[in-house]
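Enquirer: This is the content of entry-v6.tsv (TSV, C-alpha atoms):
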chain	number	residue	atom	x	y	z
A	1	MET	CA	-75.96	-112.85	52.38
A	2	ASN	CA	-78.65	-110.50	51.10
A	3	HIS	CA	-76.13	-107.66	50.87
A	4	PRO	CA	-72.46	-108.09	49.89
A	5	ARG	CA	-70.37	-106.43	52.59
A	6	GLU	CA	-66.86	-106.07	53.94
A	7	LEU	CA	-65.42	-104.58	57.15
A	8	HIS	CA	-68.56	-105.87	58.92
A	9	THR	CA	-68.83	-107.98	62.08
A	10	THR	CA	-70.24	-111.46	62.74
A	11	ILE	CA	-71.15	-113.21	65.98
A	12	LEU	CA	-72.81	-116.47	67.00
A	13	LEU	CA	-75.95	-115.90	69.09
A	14	THR	CA	-77.19	-118.13	71.92
A	15	ASN	CA	-80.01	-119.35	69.64
A	16	GLY	CA	-77.44	-120.80	67.23
A	17	LYS	CA	-77.95	-118.17	64.53
A	18	VAL	CA	-75.18	-115.88	63.27
A	19	LEU	CA	-75.68	-112.11	63.35
A	20	VAL	CA	-73.92	-110.01	60.69
A	21	THR	CA	-73.88	-106.23	61.11
A	22	GLY	CA	-72.96	-103.17	59.08
A	23	GLY	CA	-69.88	-102.93	56.90
A	24	GLN	CA	-69.20	-101.46	53.50
A	25	LYS	CA	-70.87	-102.18	50.15
A	26	ASP	CA	-69.26	-100.33	47.24
A	27	ASP	CA	-69.32	-96.69	48.35
A	28	ASP	CA	-72.03	-97.15	50.99
A	29	ILE	CA	-71.62	-97.73	54.73
A	30	LEU	CA	-74.37	-100.05	55.98
A	31	SER	CA	-76.57	-100.03	59.07
A	32	SER	CA	-78.38	-103.21	58.02
A	33	ALA	CA	-78.07	-106.56	59.81
A	34	GLU	CA	-78.76	-110.15	58.77
A	35	LEU	CA	-79.18	-113.52	60.45
A	36	TYR	CA	-77.79	-116.81	59.17
A	37	ASP	CA	-79.76	-119.91	60.16
A	38	LEU	CA	-77.46	-122.90	60.38
A	39	SER	CA	-80.34	-125.40	60.33
A	40	THR	CA	-81.72	-124.14	57.00
A	41	GLY	CA	-78.63	-122.53	55.47
A	42	THR	CA	-80.61	-119.34	54.77
A	43	TRP	CA	-80.19	-115.62	55.44
A	44	THR	CA	-82.93	-113.29	56.70
A	45	THR	CA	-82.90	-109.58	57.45
A	46	THR	CA	-83.35	-108.31	61.00
A	47	GLY	CA	-83.59	-104.84	62.51
A	48	SER	CA	-81.04	-102.28	61.33
A	49	MET	CA	-78.61	-100.54	63.66
A	50	ASN	CA	-79.26	-96.92	64.58
A	51	SER	CA	-75.97	-95.89	62.94
A	52	GLN	CA	-74.14	-96.85	59.78
A	53	ARG	CA	-70.89	-98.57	60.77
A	54	GLU	CA	-67.79	-100.20	59.33
A	55	GLY	CA	-64.72	-101.27	61.28
A	56	HIS	CA	-66.84	-101.55	64.44
A	57	ARG	CA	-66.63	-104.33	67.03
A	58	ILE	CA	-69.22	-106.74	68.38
A	59	SER	CA	-69.60	-108.68	71.64
A	60	LEU	CA	-72.13	-111.24	72.90
A	61	LEU	CA	-73.09	-110.37	76.47
A	62	THR	CA	-73.96	-112.95	79.12
A	63	ASN	CA	-77.63	-111.82	79.01
A	64	GLY	CA	-77.82	-112.85	75.34
A	65	LYS	CA	-77.87	-109.32	73.97
A	66	VAL	CA	-75.22	-108.05	71.53
A	67	LEU	CA	-73.09	-104.95	72.04
A	68	VAL	CA	-71.78	-103.06	68.99
A	69	ALA	CA	-69.32	-100.23	69.60
A	70	GLY	CA	-67.44	-97.66	67.54
A	71	GLY	CA	-66.43	-97.88	63.91
A	72	SER	CA	-66.75	-95.29	61.18
A	73	ASN	CA	-69.58	-93.90	59.07
A	74	ARG	CA	-66.91	-92.57	56.66
A	75	LYS	CA	-67.63	-88.99	57.70
A	76	ASP	CA	-66.28	-89.54	61.20
A	77	MET	CA	-65.03	-92.08	63.73
A	78	LEU	CA	-67.74	-93.19	66.16
A	79	SER	CA	-67.84	-93.38	69.95
A	80	SER	CA	-71.47	-94.52	70.00
A	81	ALA	CA	-72.61	-98.00	71.04
A	82	GLU	CA	-75.86	-99.94	70.75
A	83	LEU	CA	-77.48	-103.17	71.89
A	84	TYR	CA	-79.27	-105.83	69.82
A	85	ASP	CA	-81.96	-107.97	71.44
A	86	PRO	CA	-82.32	-111.29	69.54
A	87	SER	CA	-85.74	-111.89	71.08
A	88	THR	CA	-87.16	-108.75	69.42
A	89	GLY	CA	-84.72	-108.02	66.59
A	90	ILE	CA	-84.51	-104.42	67.82
A	91	TRP	CA	-81.47	-102.19	68.44
A	92	THR	CA	-81.34	-99.64	71.28
A	93	THR	CA	-78.63	-97.11	72.07
A	94	THR	CA	-76.46	-97.42	75.16
A	95	GLY	CA	-73.71	-95.27	76.67
A	96	ASN	CA	-71.01	-93.83	74.42
A	97	MET	CA	-67.35	-94.75	74.76
A	98	ASP	CA	-64.99	-92.08	76.04
A	99	ARG	CA	-63.03	-92.17	72.75
A	100	ALA	CA	-64.15	-92.70	69.16
A	101	ARG	CA	-62.49	-95.85	67.78
A	102	TYR	CA	-62.12	-97.77	64.52
A	103	SER	CA	-60.35	-101.12	64.03
A	104	HIS	CA	-60.17	-101.67	67.80
A	105	THR	CA	-60.92	-104.84	69.78
A	106	ALA	CA	-63.80	-105.75	72.11
A	107	SER	CA	-63.62	-108.72	74.50
A	108	LEU	CA	-66.14	-110.12	76.97
A	109	LEU	CA	-64.31	-110.69	80.25
A	110	THR	CA	-65.05	-113.33	82.85
A	111	ASN	CA	-66.48	-110.57	85.11
A	112	GLU	CA	-69.13	-109.93	82.38
A	113	LYS	CA	-67.68	-106.53	81.44
A	114	VAL	CA	-66.43	-105.76	77.91
A	115	LEU	CA	-62.84	-104.58	77.39
A	116	VAL	CA	-62.24	-102.32	74.38
A	117	THR	CA	-58.65	-101.60	73.36
A	118	GLY	CA	-56.80	-99.33	70.96
A	119	GLY	CA	-57.94	-98.61	67.43
A	120	SER	CA	-57.73	-95.52	65.25
A	121	GLY	CA	-59.01	-92.31	66.78
A	122	HIS	CA	-59.85	-89.05	65.11
A	123	VAL	CA	-56.21	-88.17	64.46
A	124	ASP	CA	-54.09	-90.88	66.04
A	125	ILE	CA	-53.67	-94.56	66.87
A	126	LEU	CA	-54.80	-95.29	70.43
A	127	SER	CA	-53.25	-97.19	73.32
A	128	SER	CA	-56.17	-96.43	75.64
A	129	ALA	CA	-58.66	-99.02	76.90
A	130	GLU	CA	-62.19	-98.85	78.31
A	131	LEU	CA	-64.58	-101.15	80.15
A	132	TYR	CA	-68.33	-101.43	79.44
A	133	ASP	CA	-70.59	-102.49	82.31
A	134	PRO	CA	-73.82	-104.07	80.97
A	135	SER	CA	-75.53	-103.63	84.35
A	136	THR	CA	-75.25	-99.83	84.11
A	137	GLY	CA	-74.78	-99.26	80.37
A	138	THR	CA	-71.74	-97.10	81.08
A	139	TRP	CA	-68.05	-97.02	80.14
A	140	THR	CA	-65.06	-96.40	82.40
A	141	ASN	CA	-61.40	-95.97	81.47
A	142	THR	CA	-58.85	-98.58	82.52
A	143	SER	CA	-55.09	-98.47	82.11
A	144	GLY	CA	-53.80	-98.17	78.57
A	145	MET	CA	-51.70	-100.71	76.65
A	146	ASN	CA	-47.93	-100.38	76.48
A	147	SER	CA	-48.18	-99.76	72.70
A	148	GLN	CA	-50.54	-97.87	70.44
A	149	ARG	CA	-52.35	-100.44	68.27
A	150	GLU	CA	-54.98	-100.77	65.57
A	151	GLY	CA	-55.74	-103.86	63.49
A	152	HIS	CA	-54.59	-105.98	66.44
A	153	THR	CA	-56.35	-108.92	68.12
A	154	ALA	CA	-57.46	-109.60	71.70
A	155	SER	CA	-58.09	-113.09	73.11
A	156	VAL	CA	-59.54	-113.92	76.54
A	157	LEU	CA	-57.51	-116.73	78.10
A	158	ARG	CA	-58.83	-119.42	80.46
A	159	ASN	CA	-57.15	-117.63	83.39
A	160	GLY	CA	-59.22	-114.51	82.65
A	161	LYS	CA	-56.34	-112.46	81.27
A	162	VAL	CA	-56.50	-110.92	77.78
A	163	LEU	CA	-53.75	-111.49	75.20
A	164	VAL	CA	-53.31	-108.64	72.70
A	165	THR	CA	-51.11	-109.26	69.64
A	166	GLY	CA	-49.63	-107.27	66.80
A	167	GLY	CA	-51.35	-104.51	64.89
A	168	GLU	CA	-50.19	-101.23	63.43
A	169	SER	CA	-48.64	-98.44	65.46
A	170	ILE	CA	-47.18	-95.11	64.50
A	171	GLY	CA	-44.50	-96.44	62.16
A	172	PRO	CA	-43.93	-100.18	62.06
A	173	ILE	CA	-46.19	-103.20	62.08
A	174	LEU	CA	-45.93	-104.80	65.53
A	175	SER	CA	-44.88	-108.31	66.56
A	176	SER	CA	-45.19	-107.47	70.25
A	177	ALA	CA	-47.83	-108.92	72.55
A	178	GLU	CA	-49.11	-107.97	76.00
A	179	LEU	CA	-51.44	-109.28	78.70
A	180	TYR	CA	-54.24	-107.42	80.51
A	181	ASP	CA	-55.14	-108.57	84.02
A	182	PRO	CA	-58.75	-107.58	84.87
A	183	SER	CA	-58.11	-108.15	88.59
A	184	THR	CA	-55.51	-105.36	88.66
A	185	GLY	CA	-56.38	-103.37	85.54
A	186	THR	CA	-52.76	-103.48	84.41
A	187	TRP	CA	-50.84	-104.54	81.29
A	188	THR	CA	-47.59	-106.56	81.15
A	189	ALA	CA	-45.47	-107.48	78.15
A	190	THR	CA	-45.25	-111.10	77.05
A	191	ARG	CA	-43.13	-112.81	74.39
A	192	SER	CA	-43.40	-111.28	70.89
A	193	MET	CA	-44.68	-113.21	67.88
A	194	ASN	CA	-42.19	-114.48	65.33
A	195	SER	CA	-43.57	-112.19	62.62
A	196	PRO	CA	-44.97	-108.64	62.78
A	197	ARG	CA	-48.58	-108.73	61.57
A	198	SER	CA	-51.74	-106.62	61.43
A	199	LYS	CA	-55.35	-107.40	60.47
A	200	HIS	CA	-54.87	-111.03	61.44
A	201	THR	CA	-57.22	-113.36	63.34
A	202	ALA	CA	-56.75	-115.04	66.72
A	203	PHE	CA	-58.66	-117.89	68.42
A	204	VAL	CA	-58.42	-119.59	71.78
A	205	LEU	CA	-58.30	-123.36	71.25
A	206	THR	CA	-59.74	-126.01	73.55
A	207	ASN	CA	-56.19	-126.81	74.72
A	208	GLU	CA	-55.98	-123.19	76.00
A	209	LYS	CA	-53.41	-122.18	73.38
A	210	VAL	CA	-54.05	-119.22	71.06
A	211	VAL	CA	-53.73	-119.63	67.30
A	212	VAL	CA	-52.93	-116.53	65.22
A	213	THR	CA	-53.55	-116.73	61.48
A	214	GLY	CA	-52.73	-114.61	58.44
A	215	GLY	CA	-52.60	-110.84	58.44
A	216	GLU	CA	-50.30	-108.49	56.60
A	217	ASN	CA	-47.49	-106.01	56.81
A	218	PHE	CA	-47.15	-103.00	54.54
A	219	ILE	CA	-45.95	-105.21	51.67
A	220	ASP	CA	-47.25	-108.80	51.89
A	221	LEU	CA	-50.29	-110.82	52.95
A	222	PHE	CA	-49.52	-113.78	55.21
A	223	SER	CA	-50.54	-117.44	55.17
A	224	SER	CA	-48.42	-118.21	58.23
A	225	VAL	CA	-49.82	-119.45	61.54
A	226	GLU	CA	-48.43	-119.01	65.05
A	227	LEU	CA	-49.39	-120.70	68.32
A	228	TYR	CA	-49.12	-119.05	71.75
A	229	ASP	CA	-48.80	-121.19	74.89
A	230	PRO	CA	-49.95	-119.21	77.98
A	231	SER	CA	-48.24	-121.67	80.34
A	232	THR	CA	-44.80	-120.86	78.90
A	233	GLU	CA	-45.55	-117.52	77.20
A	234	THR	CA	-43.87	-118.79	74.04
A	235	TRP	CA	-44.77	-118.82	70.33
A	236	THR	CA	-44.33	-121.69	67.86
A	237	THR	CA	-45.00	-121.91	64.11
A	238	PRO	CA	-47.02	-125.11	63.43
A	239	GLY	CA	-47.58	-124.48	59.71
A	240	SER	CA	-49.34	-122.26	57.18
A	241	MET	CA	-52.76	-121.90	55.61
A	242	ASN	CA	-53.27	-122.76	51.95
A	243	ASN	CA	-53.90	-119.11	51.08
A	244	SER	CA	-52.67	-115.76	52.34
A	245	ARG	CA	-55.47	-113.93	54.15
A	246	THR	CA	-56.12	-110.62	55.88
A	247	TRP	CA	-59.23	-108.97	57.36
A	248	HIS	CA	-60.72	-112.47	57.42
A	249	THR	CA	-63.54	-113.22	59.88
A	250	LEU	CA	-64.25	-116.67	61.25
A	251	THR	CA	-67.26	-117.66	63.38
A	252	SER	CA	-67.31	-120.96	65.27
A	253	LEU	CA	-70.67	-122.72	64.84
A	254	THR	CA	-72.46	-125.08	67.20
A	255	ASN	CA	-71.84	-128.03	64.84
A	256	GLY	CA	-68.08	-127.56	65.17
A	257	LYS	CA	-67.65	-126.03	61.73
A	258	VAL	CA	-66.48	-122.50	61.00
A	259	LEU	CA	-68.40	-119.95	58.91
A	260	THR	CA	-66.24	-117.63	56.78
A	261	ASN	CA	-67.92	-114.49	55.48
A	262	ASP	CA	-65.52	-112.03	53.91
A	263	GLU	CA	-61.79	-111.75	53.58
A	264	TRP	CA	-58.95	-110.42	51.52
A	265	SER	CA	-57.11	-113.37	50.02
A	266	ASN	CA	-54.08	-112.90	47.80
A	267	GLY	CA	-55.18	-109.36	47.03
A	268	SER	CA	-58.86	-110.02	46.29
A	269	VAL	CA	-62.10	-109.76	48.24
A	270	VAL	CA	-63.79	-113.18	48.36
The structure given in the file should be rewritten as structure tokens.
Expert:
Amino acid sequence: MNHPRELHTTILLTNGKVLVTGGQKDDDILSSAELYDLSTGTWTTTGSMNSQREGHRISLLTNGKVLVAGGSNRKDMLSSAELYDPSTGIWTTTGNMDRARYSHTASLLTNEKVLVTGGSGHVDILSSAELYDPSTGTWTNTSGMNSQREGHTASVLRNGKVLVTGGESIGPILSSAELYDPSTGTWTATRSMNSPRSKHTAFVLTNEKVVVTGGENFIDLFSSVELYDPSTETWTTPGSMNNSRTWHTLTSLTNGKVLTNDEWSNGSVV
């Protein structure tokens, strides 16, 4: 990349390029954004966001635009959101969330709305959730999770439900998991993971299972991997990664490979 950064976001665009936004470089919070071209293996700058952000979340909308919401500019938590248009490289502001959030999740639902959950607020860890409607540019509250969470993950399943796992709460690291049903706007508990973990990564596989990798508790970084089966609501432990990782970001590319940008691995930023 043109600028080293951590606590940024990455997303694969419909044109096959990867958009990287914001994050932290040394003592600076960034508003800059870059594009990675898979065909040439090169990075180019694109338009900067209207706000400096780290710990924000990013979603690719069905119209091809990109929604960025929340995060921190170090002075304060942010409730603001903005849209990136890949055809112009320009960012425009959209409606603000009801709550400022950092280290939350954002998931594009099958109804084309974006579900945002949890995160750190101004003074507390949140259980609340909100829905963004791209057709109106507005946010509405939906029912909150059963647990306060930040540093958790959210995965949209083939049946349209959203699986939320782990994270930090007030006190312990969580192993618990819960499911959001967009058709009813309600949350239900599902089977807990085998290990409490925060700042991990989760992916939905082609076989509809969800793989959870890495993360940390207050003492250790994890290399362990867990697999969730939605049909049985059970977790298995298929193996471990070669290295312990946390805050790692993985982006699936059109050629089937995965682009890794920034992570903490065995105590170091790489």
Enquirer: Give me the residues within 10 Å of region 40-45 of chain A as a VMD selection string, counting only C-alpha atoms and dropping any in the same chain fewer than 2 places off.
Expert: chain A and resid 1 to 3 17 to 20 32 to 38 47 to 48 89
Enquirer: Taking C-alpha atoms for each residue, export the selection above as a PDB file, in the coordinates of the input.
Expert:
ATOM      1  CA  MET A   1     -75.960-112.850  52.380  1.00  0.00           C
ATOM      2  CA  ASN A   2     -78.650-110.500  51.100  1.00  0.00           C
ATOM      3  CA  HIS A   3     -76.130-107.660  50.870  1.00  0.00           C
ATOM      4  CA  LYS A  17     -77.950-118.170  64.530  1.00  0.00           C
ATOM      5  CA  VAL A  18     -75.180-115.880  63.270  1.00  0.00           C
ATOM      6  CA  LEU A  19     -75.680-112.110  63.350  1.00  0.00           C
ATOM      7  CA  VAL A  20     -73.920-110.010  60.690  1.00  0.00           C
ATOM      8  CA  SER A  32     -78.380-103.210  58.020  1.00  0.00           C
ATOM      9  CA  ALA A  33     -78.070-106.560  59.810  1.00  0.00           C
ATOM     10  CA  GLU A  34     -78.760-110.150  58.770  1.00  0.00           C
ATOM     11  CA  LEU A  35     -79.180-113.520  60.450  1.00  0.00           C
ATOM     12  CA  TYR A  36     -77.790-116.810  59.170  1.00  0.00           C
ATOM     13  CA  ASP A  37     -79.760-119.910  60.160  1.00  0.00           C
ATOM     14  CA  LEU A  38     -77.460-122.900  60.380  1.00  0.00           C
ATOM     15  CA  GLY A  47     -83.590-104.840  62.510  1.00  0.00           C
ATOM     16  CA  SER A  48     -81.040-102.280  61.330  1.00  0.00           C
ATOM     17  CA  GLY A  89     -84.720-108.020  66.590  1.00  0.00           C
TER      18      GLY A  89
END
Enquirer: In the coordinate frame of the file, compute which residues have an atom within 12 Å of (-82.9, -100.9, 75.4) when using all atoms listed in the file, and state them as number ranges by chain.
Expert: A: 65-67, 81-86, 88-95, 134-137
Enquirer: Could you write out the selected residues, including C-alpha atoms, as a compact mmCIF listing (two decimals), keeping the file's coordinate frame?
Expert:
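Below you can see part10.txt, which holds the result:
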# COMPACT_ATOMS: atom_id res chain seq x y z
CA LYS A 65 -77.87 -109.32 73.97
CA VAL A 66 -75.22 -108.05 71.53
CA LEU A 67 -73.09 -104.95 72.04
CA ALA A 81 -72.61 -98.00 71.04
CA GLU A 82 -75.86 -99.94 70.75
CA LEU A 83 -77.48 -103.17 71.89
CA TYR A 84 -79.27 -105.83 69.82
CA ASP A 85 -81.96 -107.97 71.44
CA PRO A 86 -82.32 -111.29 69.54
CA THR A 88 -87.16 -108.75 69.42
CA GLY A 89 -84.72 -108.02 66.59
CA ILE A 90 -84.51 -104.42 67.82
CA TRP A 91 -81.47 -102.19 68.44
CA THR A 92 -81.34 -99.64 71.28
CA THR A 93 -78.63 -97.11 72.07
CA THR A 94 -76.46 -97.42 75.16
CA GLY A 95 -73.71 -95.27 76.67
CA PRO A 134 -73.82 -104.07 80.97
CA SER A 135 -75.53 -103.63 84.35
CA THR A 136 -75.25 -99.83 84.11
CA GLY A 137 -74.78 -99.26 80.37
Enquirer: State, in Å with one decimal place, the distance from CA of Thr140 (chain A) to CA of Ile173 (chain A).
Expert: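 Taking CA of Thr140 (chain A) and CA of Ile173 (chain A), their separation equals 28.6 Å.
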Enquirer: At a cut-off of 8 Å, using only C-alpha atoms, what residues contact Val225 (chain A)? Leave out same-chain residues fewer than 5 positions from it and give the result as a list in words.
Expert: Val211, Val212, Thr213, Gly214, Thr237, Pro238, Gly239, Ser240 and Met241 of chain A
Enquirer: Output the selection as an mmCIF file, in the frame of the given file - C-alpha atoms for each residue.
Expert:
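Wrote again28.cif, looks like this:
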data_model
loop_
_atom_site.group_PDB
_atom_site.id
_atom_site.type_symbol
_atom_site.label_atom_id
_atom_site.label_comp_id
_atom_site.auth_asym_id
_atom_site.auth_seq_id
_atom_site.Cartn_x
_atom_site.Cartn_y
_atom_site.Cartn_z
ATOM 1 C CA VAL A 211 -53.730 -119.630 67.300
ATOM 2 C CA VAL A 212 -52.930 -116.530 65.220
ATOM 3 C CA THR A 213 -53.550 -116.730 61.480
ATOM 4 C CA GLY A 214 -52.730 -114.610 58.440
ATOM 5 C CA THR A 237 -45.000 -121.910 64.110
ATOM 6 C CA PRO A 238 -47.020 -125.110 63.430
ATOM 7 C CA GLY A 239 -47.580 -124.480 59.710
ATOM 8 C CA SER A 240 -49.340 -122.260 57.180
ATOM 9 C CA MET A 241 -52.760 -121.900 55.610
#
Enquirer: If I wrap all listed atoms of region 29-42 of chain A in a box with edges along x, y and z and add 8 Å on each side, what are its centre and edge lengths in Å to one decimal, as AutoDock Vina command-line options?
Expert:
--center_x -76.7 --center_y -111.6 --center_z 57.6 --size_x 26.1 --size_y 43.7 --size_z 21.7
Enquirer: Which residue, A:Asp26, A:Glu112, A:Ile58, A:Tyr228, has the smallest gap to Leu13 (chain A) when you use only C-alpha atoms?
Expert: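 Of the candidates, the smallest distance to Leu13 (chain A) is held by A:Ile58.
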Enquirer: Tell me which of A:Ser176, A:Arg245, A:Ser183, A:Ser155 sits closest to Leu205 (chain A), counting all atoms listed in the file.
Expert: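 Counting all atoms listed in the file, the residue closest to Leu205 (chain A) is A:Ser155.
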Enquirer: Which residues are close to Ser59 (chain A), i.e. within 8 Å by all atoms listed in the file, leaving aside same-chain residues fewer than 5 positions away? Reply as an MDAnalysis selection string.
Expert: chainID A and resid 11 66:68 106:108 114
Enquirer: Would you compute the distance between CA of Thr236 (chain A) and CA of Thr201 (chain A)? Give it in Å to one decimal.
Expert: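 CA of Thr201 (chain A) lies at a distance of 16.0 Å from CA of Thr236 (chain A).
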Enquirer: Quick one: residues within 9 Å of Ile170 (chain A), all atoms listed in the file counted, chain neighbours fewer than 6 positions away excluded, as a list of chain:residue names?
Expert: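 The filter keeps A:Asp124, A:Ile125, A:Gln148, A:Arg149.
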Enquirer: I'd like the interatomic distance between CA of Thr206 (chain A) and CA of Asn111 (chain A), to a tenth of an Å.
Expert: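 Calculated distance between CA of Thr206 (chain A) and CA of Asn111 (chain A) is 20.4 Å.
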Enquirer: Would you mind telling me which residue in A:Leu227, A:Val210, A:Leu163, A:Met97 lies nearest to Asn194 (chain A) when using all atoms listed in the file?
Expert: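 The shortest atom-to-atom distance to Asn194 (chain A) comes from A:Leu227.
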